[in-house]
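Raw target28.cif, mmCIF, C-alpha atoms:
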data_entry
#
loop_
_atom_site.label_atom_id
_atom_site.label_comp_id
_atom_site.auth_asym_id
_atom_site.auth_seq_id
_atom_site.Cartn_x
_atom_site.Cartn_y
_atom_site.Cartn_z
CA MET D 1 -26.64 7.39 -14.16
CA ALA D 2 -23.47 7.00 -16.24
CA ALA D 3 -21.01 4.34 -15.17
CA THR D 4 -17.24 4.26 -15.00
CA GLU D 5 -15.71 3.35 -18.37
CA ILE D 6 -12.70 1.04 -18.55
CA SER D 7 -10.42 0.69 -21.56
CA GLU D 8 -7.05 -0.81 -22.47
CA VAL D 9 -4.20 1.68 -22.72
CA SER D 10 -0.41 1.59 -22.76
CA VAL D 11 2.09 2.80 -20.17
CA PHE D 12 5.70 3.00 -21.36
CA GLY D 13 4.73 0.55 -24.11
CA GLN D 14 3.34 -1.94 -21.60
CA PRO D 15 -0.31 -3.00 -21.16
CA ALA D 16 -2.47 -1.06 -18.73
CA TRP D 17 -6.09 -0.12 -18.10
CA GLN D 18 -7.69 3.27 -17.66
CA LEU D 19 -10.79 3.99 -15.61
CA VAL D 20 -12.81 7.11 -16.44
CA SER D 21 -15.56 8.12 -14.01
CA PRO D 22 -18.72 10.05 -14.96
CA THR D 23 -17.13 13.19 -13.47
CA GLY D 24 -14.05 12.83 -15.69
CA ALA D 25 -11.71 11.56 -12.98
CA THR D 26 -9.27 8.94 -14.26
CA ALA D 27 -7.00 6.23 -12.93
CA VAL D 28 -4.45 4.11 -14.77
CA VAL D 29 -3.37 0.69 -13.57
CA ALA D 30 -0.46 -1.17 -15.14
CA GLU D 31 -0.59 -4.88 -15.95
CA ARG D 32 2.73 -5.31 -14.15
CA GLY D 33 1.95 -5.77 -10.49
CA ALA D 34 -1.57 -4.28 -10.79
CA THR D 35 0.30 -1.07 -10.06
CA LEU D 36 -1.57 2.23 -9.80
CA VAL D 37 0.44 4.66 -11.95
CA SER D 38 -1.96 7.61 -12.18
CA TRP D 39 -5.00 9.11 -10.49
CA LYS D 40 -6.38 12.40 -11.77
CA PRO D 41 -9.52 14.05 -10.37
CA THR D 42 -9.33 16.44 -13.34
CA ALA D 43 -7.26 16.35 -16.52
CA ASP D 44 -4.61 18.74 -15.18
CA VAL D 45 -4.23 17.42 -11.61
CA GLU D 46 -2.11 14.33 -10.88
CA LEU D 47 -2.28 12.86 -7.36
CA ILE D 48 0.10 9.89 -7.73
CA SER D 49 3.88 10.01 -7.92
CA SER D 50 4.79 7.10 -10.15
CA TYR D 51 7.35 5.76 -12.59
CA GLU D 52 9.03 7.52 -15.48
CA SER D 53 10.05 4.56 -17.63
CA ALA D 54 9.33 0.90 -18.34
CA LYS D 55 12.61 0.06 -16.61
CA GLU D 56 11.49 1.77 -13.41
CA LEU D 57 8.09 0.08 -13.52
CA GLU D 58 9.56 -3.39 -14.04
CA ALA D 59 12.03 -2.86 -11.21
CA ALA D 60 9.35 -1.26 -8.98
CA ALA D 61 11.86 1.51 -8.31
CA GLY D 62 11.02 3.15 -5.00
CA GLY D 63 8.10 0.78 -4.44
CA ARG D 64 5.64 3.25 -5.92
CA GLY D 65 2.02 2.10 -5.97
CA LEU D 66 2.79 -1.50 -5.17
CA VAL D 67 0.37 -4.24 -4.24
CA MET D 68 2.35 -6.00 -1.52
CA THR D 69 1.80 -9.70 -0.84
CA PRO D 70 2.44 -12.45 0.29
CA TRP D 71 4.30 -10.21 2.69
CA ALA D 72 4.26 -6.43 3.15
CA GLY D 73 7.20 -4.51 4.50
CA PRO D 74 10.77 -5.73 4.87
CA ILE D 75 11.77 -9.18 6.14
CA GLU D 76 14.87 -8.96 8.31
CA SER D 77 17.87 -10.23 6.33
CA GLY D 78 15.36 -11.82 3.93
CA SER D 79 15.06 -14.84 6.23
CA TYR D 80 12.14 -16.28 8.20
CA SER D 81 10.96 -19.54 9.73
CA PHE D 82 7.53 -21.11 9.46
CA GLY D 83 6.29 -24.61 10.20
CA GLY D 84 9.70 -25.70 11.48
CA ARG D 85 11.51 -24.71 8.26
CA THR D 86 13.66 -21.70 7.43
CA PHE D 87 13.32 -19.81 4.16
CA GLN D 88 15.42 -17.18 2.38
CA VAL D 89 14.01 -14.65 -0.08
CA ASP D 90 16.00 -12.61 -2.60
CA ASP D 91 17.05 -9.07 -1.76
CA ASP D 92 15.01 -7.59 -4.62
CA VAL D 93 11.73 -8.85 -3.14
CA ARG D 94 12.31 -8.92 0.63
CA ALA D 95 10.74 -5.47 1.16
CA ALA D 96 7.48 -5.87 -0.74
CA GLY D 97 6.56 -9.46 -1.55
CA LEU D 98 6.16 -11.10 -4.95
CA ALA D 99 3.03 -9.61 -6.52
CA PHE D 100 4.86 -6.67 -8.10
CA GLN D 101 6.75 -9.08 -10.38
CA GLN D 102 3.56 -10.61 -11.80
CA ASP D 103 1.66 -9.60 -14.91
CA PHE D 104 -1.98 -9.38 -13.88
CA ALA D 105 -4.77 -10.43 -16.21
CA LEU D 106 -8.15 -8.79 -16.64
CA SER D 107 -10.89 -10.65 -14.76
CA SER D 108 -13.74 -8.21 -15.39
CA ALA D 109 -14.27 -4.59 -16.34
CA GLY D 110 -17.76 -3.41 -15.48
CA SER D 111 -17.84 -0.39 -13.21
CA THR D 112 -14.87 -1.92 -11.34
CA LEU D 113 -11.53 -2.96 -12.80
CA SER D 114 -10.77 -6.47 -11.54
CA LEU D 115 -7.34 -8.01 -12.11
CA SER D 116 -5.89 -11.34 -11.03
CA ALA D 117 -2.63 -13.27 -10.96
CA SER D 118 -1.38 -16.58 -9.63
CA ILE D 119 1.94 -16.56 -7.80
CA PRO D 120 3.57 -20.00 -8.03
CA ALA D 121 5.42 -21.68 -5.20
CA ALA D 122 9.09 -20.71 -4.97
CA ASP D 123 12.08 -21.69 -2.85
CA GLY D 124 11.71 -18.63 -0.62
CA TYR D 125 7.92 -18.93 -0.41
CA PRO D 126 6.73 -22.48 -1.20
CA TRP D 127 2.98 -21.76 -1.06
CA PRO D 128 1.14 -20.86 -4.27
CA ILE D 129 -1.37 -18.05 -3.90
CA ASP D 130 -3.98 -16.36 -6.06
CA VAL D 131 -4.17 -12.58 -5.90
CA SER D 132 -7.05 -10.38 -7.04
CA VAL D 133 -7.10 -6.59 -7.11
CA HIS D 134 -10.18 -4.45 -7.67
CA PHE D 135 -10.06 -0.71 -8.47
CA SER D 136 -13.05 1.64 -8.60
CA LEU D 137 -13.74 5.38 -8.86
CA ASP D 138 -16.54 7.31 -7.20
CA SER D 139 -17.45 10.88 -6.34
CA GLY D 140 -19.19 12.60 -3.44
CA ALA D 141 -21.86 15.22 -3.09
CA ASP D 142 -19.32 17.87 -2.04
CA GLY D 143 -17.08 17.40 -5.06
CA GLU D 144 -14.68 14.91 -3.48
CA GLU D 145 -13.23 12.13 -5.61
CA HIS D 146 -12.66 8.60 -4.35
CA LEU D 147 -10.37 5.82 -5.54
CA SER D 148 -10.90 2.47 -3.83
CA VAL D 149 -8.82 -0.69 -4.01
CA THR D 150 -9.61 -4.12 -2.63
CA LEU D 151 -6.81 -6.68 -2.32
CA LYS D 152 -7.43 -10.37 -1.80
CA ALA D 153 -4.86 -13.15 -1.52
CA THR D 154 -5.91 -16.80 -1.34
CA ASN D 155 -3.75 -19.65 -0.14
CA THR D 156 -4.09 -22.30 -2.87
CA SER D 157 -1.60 -24.71 -1.30
CA ASP D 158 -2.42 -27.78 0.79
CA ASP D 159 -0.84 -26.32 3.93
CA GLU D 160 -1.13 -23.30 6.18
CA ALA D 161 0.80 -20.34 4.80
CA PRO D 162 2.09 -17.07 6.26
CA LEU D 163 0.32 -14.30 4.36
CA THR D 164 0.09 -10.54 4.80
CA LEU D 165 -1.08 -7.65 2.62
CA GLY D 166 -0.30 -4.02 1.94
CA TRP D 167 -0.70 -1.26 -0.63
CA ASN D 168 1.88 1.46 -1.19
CA PRO D 169 0.59 4.59 -2.98
CA HIS D 170 2.85 7.65 -3.15
CA VAL D 171 0.52 10.65 -3.13
CA ILE D 172 1.03 14.29 -4.02
CA LEU D 173 -1.15 17.37 -3.68
CA PRO D 174 -1.39 19.86 -6.57
CA GLY D 175 0.85 22.89 -6.59
CA LEU D 176 3.40 21.47 -4.15
CA GLY D 177 6.85 20.46 -5.31
CA ALA D 178 7.77 18.78 -2.03
CA VAL D 179 6.21 17.40 1.13
CA SER D 180 7.62 20.08 3.41
CA ASN D 181 4.47 22.23 3.50
CA LEU D 182 2.11 19.35 4.26
CA ALA D 183 0.28 18.59 7.49
CA VAL D 184 -0.46 14.97 8.41
CA SER D 185 -2.54 13.21 11.04
CA VAL D 186 -3.11 9.58 11.98
CA PRO D 187 -5.71 8.50 14.57
CA ALA D 188 -3.27 6.13 16.25
CA ARG D 189 -2.31 5.31 19.82
CA THR D 190 0.91 3.44 19.02
CA ARG D 191 4.00 4.11 16.95
CA ILE D 192 6.03 1.08 15.90
CA LEU D 193 9.71 1.65 16.63
CA THR D 194 12.09 0.27 13.99
CA ASN D 195 15.80 -0.03 13.35
CA ARG D 196 17.44 1.78 10.44
CA HIS D 197 16.37 -1.02 8.10
CA GLY D 198 12.69 -0.57 8.90
CA ILE D 199 12.51 -3.71 11.06
CA PRO D 200 10.48 -3.35 14.27
CA LEU D 201 12.41 -3.69 17.52
CA PRO D 202 12.03 -7.00 19.39
CA GLY D 203 8.88 -7.78 21.35
CA GLU D 204 7.05 -5.10 23.25
CA SER D 205 9.98 -2.68 22.86
CA ALA D 206 8.65 -2.05 19.33
CA TYR D 207 5.49 -0.35 20.58
CA ALA D 208 5.54 3.21 21.89
CA GLY D 209 2.45 5.10 22.96
CA VAL D 210 1.62 8.40 21.24
CA ASN D 211 -1.01 11.02 21.85
CA MET D 212 -4.04 10.29 19.70
CA PRO D 213 -4.28 11.57 17.05
CA MET D 214 -0.68 11.78 15.93
CA GLU D 215 -0.54 15.18 14.25
CA ILE D 216 2.17 17.17 12.53
CA GLU D 217 0.90 20.60 11.51
CA TYR D 218 3.93 21.39 9.34
CA LEU D 219 6.31 18.70 8.11
CA GLY D 220 9.14 21.06 7.28
CA SER D 221 12.35 19.03 7.20
CA ALA D 222 10.93 16.18 9.31
CA LYS D 223 11.82 12.74 7.95
CA LEU D 224 9.09 10.15 8.33
CA ASP D 225 9.39 6.42 7.81
CA ASP D 226 6.95 5.51 10.54
CA TYR D 227 4.44 2.73 11.12
CA TYR D 228 1.42 3.12 13.39
CA ARG D 229 -1.05 0.72 14.95
CA GLY D 230 -3.65 1.01 17.68
CA LEU D 231 -5.71 2.79 15.03
CA VAL D 232 -8.92 4.41 16.24
CA PRO D 233 -11.90 4.28 13.86
CA ASP D 234 -14.27 7.20 13.37
CA ASN D 235 -18.05 7.11 13.66
CA TYR D 236 -18.23 5.27 10.34
CA GLY D 237 -15.97 2.47 11.58
CA VAL D 238 -12.98 3.38 9.40
CA VAL D 239 -9.58 4.87 10.16
CA ALA D 240 -8.85 8.15 8.35
CA THR D 241 -5.23 9.22 7.79
CA ARG D 242 -5.10 12.80 6.50
CA VAL D 243 -2.59 14.58 4.30
CA VAL D 244 -3.44 18.28 3.99
CA ASP D 245 -2.05 21.36 2.26
CA PRO D 246 -2.90 24.03 4.85
CA ALA D 247 -2.45 26.84 2.32
CA SER D 248 -5.18 25.60 -0.05
CA ASN D 249 -6.98 23.23 2.35
CA SER D 250 -6.84 20.53 -0.31
CA SER D 251 -6.40 17.05 1.11
CA ILE D 252 -6.00 13.36 0.45
CA VAL D 253 -7.49 11.06 3.07
CA LEU D 254 -6.71 7.34 3.29
CA THR D 255 -9.47 5.30 4.91
CA GLN D 256 -9.03 1.68 5.95
CA GLU D 257 -10.90 -0.77 8.15
CA PRO D 258 -8.85 -1.58 11.27
CA GLY D 259 -10.06 -5.17 11.35
CA GLU D 260 -8.50 -5.79 7.93
CA ALA D 261 -5.63 -3.30 7.98
CA PRO D 262 -4.64 -2.35 11.53
CA VAL D 263 -1.33 -0.72 10.48
CA VAL D 264 -0.58 2.42 8.46
CA HIS D 265 2.83 3.51 7.15
CA LEU D 266 3.87 7.13 6.49
CA ASP D 267 7.06 7.79 4.54
CA THR D 268 8.38 11.10 3.21
CA GLY D 269 10.60 9.30 0.71
CA ASP D 270 13.90 10.72 1.84
CA ASN D 271 15.82 7.64 0.65
CA LEU D 272 14.42 7.50 -2.88
CA GLU D 273 17.03 7.66 -5.64
CA ARG D 274 14.66 9.83 -7.68
CA GLY D 275 12.01 12.19 -6.37
CA ALA D 276 13.05 12.29 -2.73
CA ARG D 277 10.50 14.19 -0.60
CA LYS D 278 8.30 14.87 -3.64
CA ALA D 279 5.46 12.64 -2.39
CA ILE D 280 4.32 10.98 0.81
CA VAL D 281 3.54 7.29 1.23
CA VAL D 282 0.25 6.49 2.98
CA SER D 283 0.24 2.72 3.09
CA PRO D 284 -2.41 0.50 4.72
CA MET D 285 -1.09 -2.88 5.91
CA SER D 286 -2.55 -6.02 7.44
CA HIS D 287 0.47 -6.50 9.73
CA VAL D 288 3.60 -4.81 11.00
CA PRO D 289 6.77 -5.22 8.90
CA ASP D 290 8.71 -8.44 9.43
CA ALA D 291 5.58 -10.09 10.81
CA PHE D 292 6.85 -13.48 9.57
CA ASN D 293 9.60 -13.25 12.20
CA ARG D 294 7.61 -11.84 15.11
CA PRO D 295 6.38 -14.21 17.84
CA ASP D 296 3.47 -11.84 18.54
CA ALA D 297 2.26 -12.22 14.95
CA GLN D 298 2.59 -15.98 14.46
CA GLY D 299 -1.08 -16.65 15.07
CA SER D 300 -2.45 -13.86 12.89
CA ILE D 301 -0.25 -14.37 9.80
CA ARG D 302 -1.49 -17.94 9.25
CA VAL D 303 -3.98 -18.56 6.46
CA ALA D 304 -5.47 -22.03 6.06
CA PRO D 305 -5.58 -23.85 2.71
CA GLY D 306 -8.30 -22.41 0.51
CA HIS D 307 -8.77 -19.39 2.77
CA SER D 308 -8.03 -15.74 2.01
CA ARG D 309 -6.88 -12.47 3.49
CA GLN D 310 -8.53 -9.29 2.21
CA MET D 311 -8.38 -5.55 2.74
CA THR D 312 -10.05 -2.49 1.22
CA ALA D 313 -8.63 1.02 1.23
CA THR D 314 -9.95 4.28 -0.21
CA LEU D 315 -8.16 7.48 -1.15
CA THR D 316 -10.35 10.58 -1.13
CA TYR D 317 -9.29 13.88 -2.68
CA GLN D 318 -10.93 17.16 -1.75
CA SER D 319 -9.78 20.32 -3.53
#

File written out as structure tokens:
Amino acid sequence: MAATEISEVSVFGQPAWQLVSPTGATAVVAERGATLVSWKPTADVELISSYESAKELEAAAGGRGLVMTPWAGPIESGSYSFGGRTFQVDDDVRAAGLAFQQDFALSSAGSTLSLSASIPAADGYPWPIDVSVHFSLDSGADGEEHLSVTLKATNTSDDEAPLTLGWNPHVILPGLGAVSNLAVSVPARTRILTNRHGIPLPGESAYAGVNMPMEIEYLGSAKLDDYYRGLVPDNYGVVATRVVDPASNSSIVLTQEPGEAPVVHLDTGDNLERGARKAIVVSPMSHVPDAFNRPDAQGSIRVAPGHSRQMTATLTYQS
């Protein structure tokens, strides 16, 4: 059986890698941030809303396709305390961590594209970490196409470190110029209530029960920037968040393992400077936003020296 081919390419004049599966599906991942900038099941169908210039990619404008670590989601006022010390992070990184600023190097390129980067200690986050990202393509017996990503962050410091993970793809379905005609569903029992800055409300007031699954049959003008937990796995042990075009029945399904990534974020992109409501974010996360500041997360965010946090997520497209 033929294997996925991986080659070096260029995106906006910057280094990147392209994966080509035996079925002809492709994905392109930029060196900067190990950022997914394209995923095509066929040559004429693009499923990722990404950047339009090197400037946008370097700035991670809109947070498109980001690998998010050592934190995922906004930190309130960019400030947090850990180990009896208080730290302040810059405004340009407080929403998505530090990985997006790194140039990732190629670790291996067999049937899987493996990239890695080391994030040095900094004033706002004084724990060095190693980050690896693995992308692969696959296909199913019914013509579906899969793109999988595995994120792993390792605490290489001599002390415990707060460490969370997330991935932020902006997906689109062919033939739709906006998200309004989409249907979405999340097998979740809890919606995380946030303030206007995306920060969860204090304590248990952040958690509101919802009927499972959470379903919206027609988005219309609805504005989503919602996080969900209490995710319910299917018979295969994974959580499946569905984005569907009811007119064509085409779909993109995000699957994640709730033990690794117990939170999912849906965002219709209403606040984007470019491309508002053109794509929908389906983002798996290891923790709720602002976990560094939440008393109910202090035990789970800790990673011992030499230990890692890991998560795998898969996007599946069915035409």

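Selection by the PyMOL selection byres ((chain D and resi 83) around 10) on the present file picks out Ser81, Phe82, Gly84, Arg85, Thr86, Asp159, Glu160, Ala161 and Pro162 of chain D.
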
Return the padded bounding box of region 122-136 of chain D as JSON: axis-aligned, built from all atoms listed in the file, 5 Å added on each side, with centre and edge lengths in Å to one decimal.
{"center_x": -0.5, "center_y": -10.4, "center_z": -4.5, "size_x": 35.1, "size_y": 34.1, "size_z": 18.2}

Practice item. Quick one: apply the PyMOL selection byres ((chain D and resi 237-246) around 8) to the file and drop the selected residues here as number ranges by chain. Key: D: 173, 181-187, 231-236, 247-258, 282

On this file, the PyMOL selection byres ((chain D and resi 71) around 7) gives some set of residues; write that set as a PDB file with C-alpha atoms, in the coordinates of the input.
ATOM      1  CA  MET D  68       2.350  -6.000  -1.520  1.00  0.00           C
ATOM      2  CA  THR D  69       1.800  -9.700  -0.840  1.00  0.00           C
ATOM      3  CA  PRO D  70       2.440 -12.450   0.290  1.00  0.00           C
ATOM      4  CA  ALA D  72       4.260  -6.430   3.150  1.00  0.00           C
ATOM      5  CA  GLY D  73       7.200  -4.510   4.500  1.00  0.00           C
ATOM      6  CA  ALA D  96       7.480  -5.870  -0.740  1.00  0.00           C
ATOM      7  CA  GLY D  97       6.560  -9.460  -1.550  1.00  0.00           C
ATOM      8  CA  LEU D 163       0.320 -14.300   4.360  1.00  0.00           C
ATOM      9  CA  THR D 164       0.090 -10.540   4.800  1.00  0.00           C
ATOM     10  CA  LEU D 165      -1.080  -7.650   2.620  1.00  0.00           C
TER      11      LEU D 165
END

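Proximity of D:Asp290, D:Gly166, D:Glu217, D:Lys278 to Ala261 (chain D), computed with only C-alpha atoms, is greatest for D:Gly166.
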
Practice item. Choose the residue, out of D:Ser114, D:Thr23, D:Ser319, D:Gln88, that has the smallest atom-to-atom separation from Leu151 (chain D); count only C-alpha atoms. Key: D:Ser114
